[in-house]
Amino acid sequence: MRVVRSPGNAAVKAARRLARARARAETGTFLVEGPHAVAEAGQHLERLFVTAEAHGKHPDLVAGAAARGADVVRVDERVLAALATTPSAQGIVGVARLPRADLTKAVTGARLVVVLVDAREPGNVGTVVRTADAAGADAVVLAGACAEPGNPRTVRASAGSLFHLPVAAAAWPEALAACTAAGLRTVAADGAAAARHTDIDLTGPVALVFGNEAHGLPPEVVAACDDAARVPIHGAAESLNLAAAAAVFCYEVVRQRADRGSGPQVVPASGDLHRATTATGDRENRSAGSAAHVSGRGPGRGSGVVEEITA
């Protein structure tokens, strides 16, 4: 095991550059921070920076990374602080490589796919990936100008789920064509839809399509989908957050399939994912789809602020 005590070390400097989108794009690598994320990275981990204290707390994690061929580097607290983008790193920062999933392979044979269109807020993208994973989705497709999977905030919000299921990227027309060719029924989350999310049959192979945080899905995207549905809002909230709307739709798929006896038979072995439930009521005041159009109050009235990816 190498020992590095200077932030100016070449390996440390290369890892620090991964805080910038350009460096991630050029190298195809990104940072994973904290023992949980590093453990989930598994065979995708290329390098591991660890302090003496963290090594003492997580000896099996470090040994496992080394056994899988990762370059393990012992660093002091000062170097680790220079690497970490969050205080929750707990003395462990890794460099991982996750090849972009092939779109056709990702959706072929799938029964549940989540498609995000122009979802630019990294935290939302990561949370949707985690939710899709927890609900048993087969893949996530990032269509258009979505936040990149390797963004540190996306990685943290995914809680390791980036390494559990394929995450493909494509332009919207390509994503739609691939889903259609794979026999997936496309369902748009749209607040102006006549049907509620509980009104439509989601037991067959389906691709759930969600829009961005500020404007929801463009009308042309909704029109191109096979169906559209909304989530009822009963209180005074204007809308649902994108990730919350995705969770409601995904677990409605799970509920319907369980009722029909066609749901997943296996739950994640880790047991640390929160189980989600959905409830429906007879009264509704407004409706929620995804992001901006969850309330059906017209374009430009969103639930969240679009946060651009910065270098």
# chains A, B, ... in the order shown; residues from 1 in each chain; ligands from 1
>>> residues_around(residues="region 181-185 of chain A", least_positions_apart="5", cutoff="6 Å", atoms="only C-alpha atoms", output="list in words")
Thr108, Pro205, Val206 and Ala207 of chain A
>>> write_last_selection(atoms="N, CA, C and O atoms", output="short mmCIF file (atom, residue, chain, number, x, y, z; two decimals), in the first residue's frame")
data_model
loop_
_atom_site.label_atom_id
_atom_site.label_comp_id
_atom_site.auth_asym_id
_atom_site.auth_seq_id
_atom_site.Cartn_x
_atom_site.Cartn_y
_atom_site.Cartn_z
N THR A 108 -34.08 -3.82 -23.74
CA THR A 108 -34.56 -5.07 -24.32
C THR A 108 -34.91 -6.07 -23.21
O THR A 108 -34.09 -6.36 -22.35
N PRO A 205 -45.16 -4.46 -19.56
CA PRO A 205 -43.88 -3.75 -19.72
C PRO A 205 -44.13 -2.27 -19.97
O PRO A 205 -44.90 -1.90 -20.85
N VAL A 206 -43.50 -1.41 -19.17
CA VAL A 206 -43.80 0.02 -19.24
C VAL A 206 -42.54 0.85 -19.05
O VAL A 206 -41.63 0.46 -18.32
N ALA A 207 -42.51 1.98 -19.73
CA ALA A 207 -41.47 2.99 -19.53
C ALA A 207 -42.16 4.24 -19.00
O ALA A 207 -43.03 4.81 -19.67
#
>>> residues_around(residues="Thr27 (chain A)", least_positions_apart="3", cutoff="9 Å", atoms="only C-alpha atoms", output="PyMOL selection string")
chain A and resi 18+22-24+30+97
>>> write_last_selection(atoms="N, CA, C and O atoms", output="tab-separated table (two decimals), in the first residue's frame")
chain	number	residue	atom	x	y	z
A	18	LEU	N	-11.57	15.42	-10.81
A	18	LEU	CA	-12.85	14.78	-11.11
A	18	LEU	C	-14.04	15.50	-10.48
A	18	LEU	O	-15.19	15.12	-10.72
A	22	ARG	N	-15.72	18.37	-16.92
A	22	ARG	CA	-14.86	18.14	-18.07
A	22	ARG	C	-13.89	17.00	-17.82
A	22	ARG	O	-13.67	16.15	-18.70
A	23	ALA	N	-13.31	16.96	-16.63
A	23	ALA	CA	-12.36	15.89	-16.31
A	23	ALA	C	-13.06	14.54	-16.27
A	23	ALA	O	-12.51	13.52	-16.70
A	24	ARG	N	-14.28	14.51	-15.75
A	24	ARG	CA	-15.02	13.25	-15.73
A	24	ARG	C	-15.31	12.77	-17.13
A	24	ARG	O	-15.22	11.57	-17.43
A	30	PHE	N	-15.16	8.90	-12.06
A	30	PHE	CA	-15.80	9.85	-11.15
A	30	PHE	C	-15.50	9.44	-9.72
A	30	PHE	O	-15.02	8.33	-9.45
A	97	ARG	N	-15.00	3.74	-12.32
A	97	ARG	CA	-15.28	3.83	-13.76
A	97	ARG	C	-16.52	2.99	-14.03
A	97	ARG	O	-16.58	1.80	-13.70
>>> atom_distance(atom1="CA of Glu53 (chain A)", atom2="CA of Gly8 (chain A)")
21.6 Å
>>> select_by_dssp(residues="region 6-159 of chain A", states="helix (DSSP H, G or I)", output="PyMOL selection string")
chain A and resi 10-17+21-27+35-44+52-57+59-67+77-83+87-89+103-107+122-134+152-158
>>> residues_around(residues="region 160-164 of chain A", least_positions_apart="6", cutoff="8 Å", atoms="only C-alpha atoms", output="list of chain:residue names")
A:His36, A:Ala37, A:Glu40, A:Ala41, A:Leu98, A:Gly126, A:Val129, A:Arg130, A:Asp133, A:Pro149
>>> atom_distance(atom1="CA of Thr186 (chain A)", atom2="CA of Ala245 (chain A)")
16.0 Å
>>> residues_around(residues="Arg2 (chain A)", least_positions_apart="4", cutoff="8 Å", atoms="only C-alpha atoms", output="PyMOL selection string")
chain A and resi 72-74
>>> atom_distance(atom1="CA of Thr51 (chain A)", atom2="CA of Leu31 (chain A)")
16.1 Å
>>> select_by_dssp(residues="region 67-284 of chain A", states="strand (DSSP E)", output="number ranges by chain")
A: 71-75, 92-97, 112-117, 139-143, 167-170, 185-189, 206-210, 227-229, 231-233
>>> residues_around(residues="Ala63 (chain A)", least_positions_apart="3", cutoff="12 Å", atoms="only C-alpha atoms", output="list of chain:residue names")
A:Met1, A:Ala39, A:Gly42, A:Leu48, A:Val50, A:His55, A:Gly56, A:Lys57, A:His58, A:Pro59, A:Asp60, A:Ala66, A:Ala67, A:Arg68, A:Gly69, A:Ala70, A:Asp71, A:Val72, A:Val73
>>> closest_residue(among="A:Ala247, A:Val32, A:Ala132, A:Val140", to="Val155 (chain A)", atoms="only C-alpha atoms")
A:Val32
>>> closest_residue(among="A:Ala11, A:Gln90, A:Cys225, A:Gln43", to="Pro173 (chain A)", atoms="only C-alpha atoms")
A:Cys225
>>> residues_around(residues="Leu116 (chain A)", least_positions_apart="2", cutoff="10 Å", atoms="only C-alpha atoms", output="JSON, numbers by chain")
{"A": [113, 114, 118, 119, 120, 125, 128, 129, 140, 141, 142, 143, 144, 145, 146, 147, 169, 172, 175, 208, 209, 210, 211, 212, 217, 242, 246, 290]}
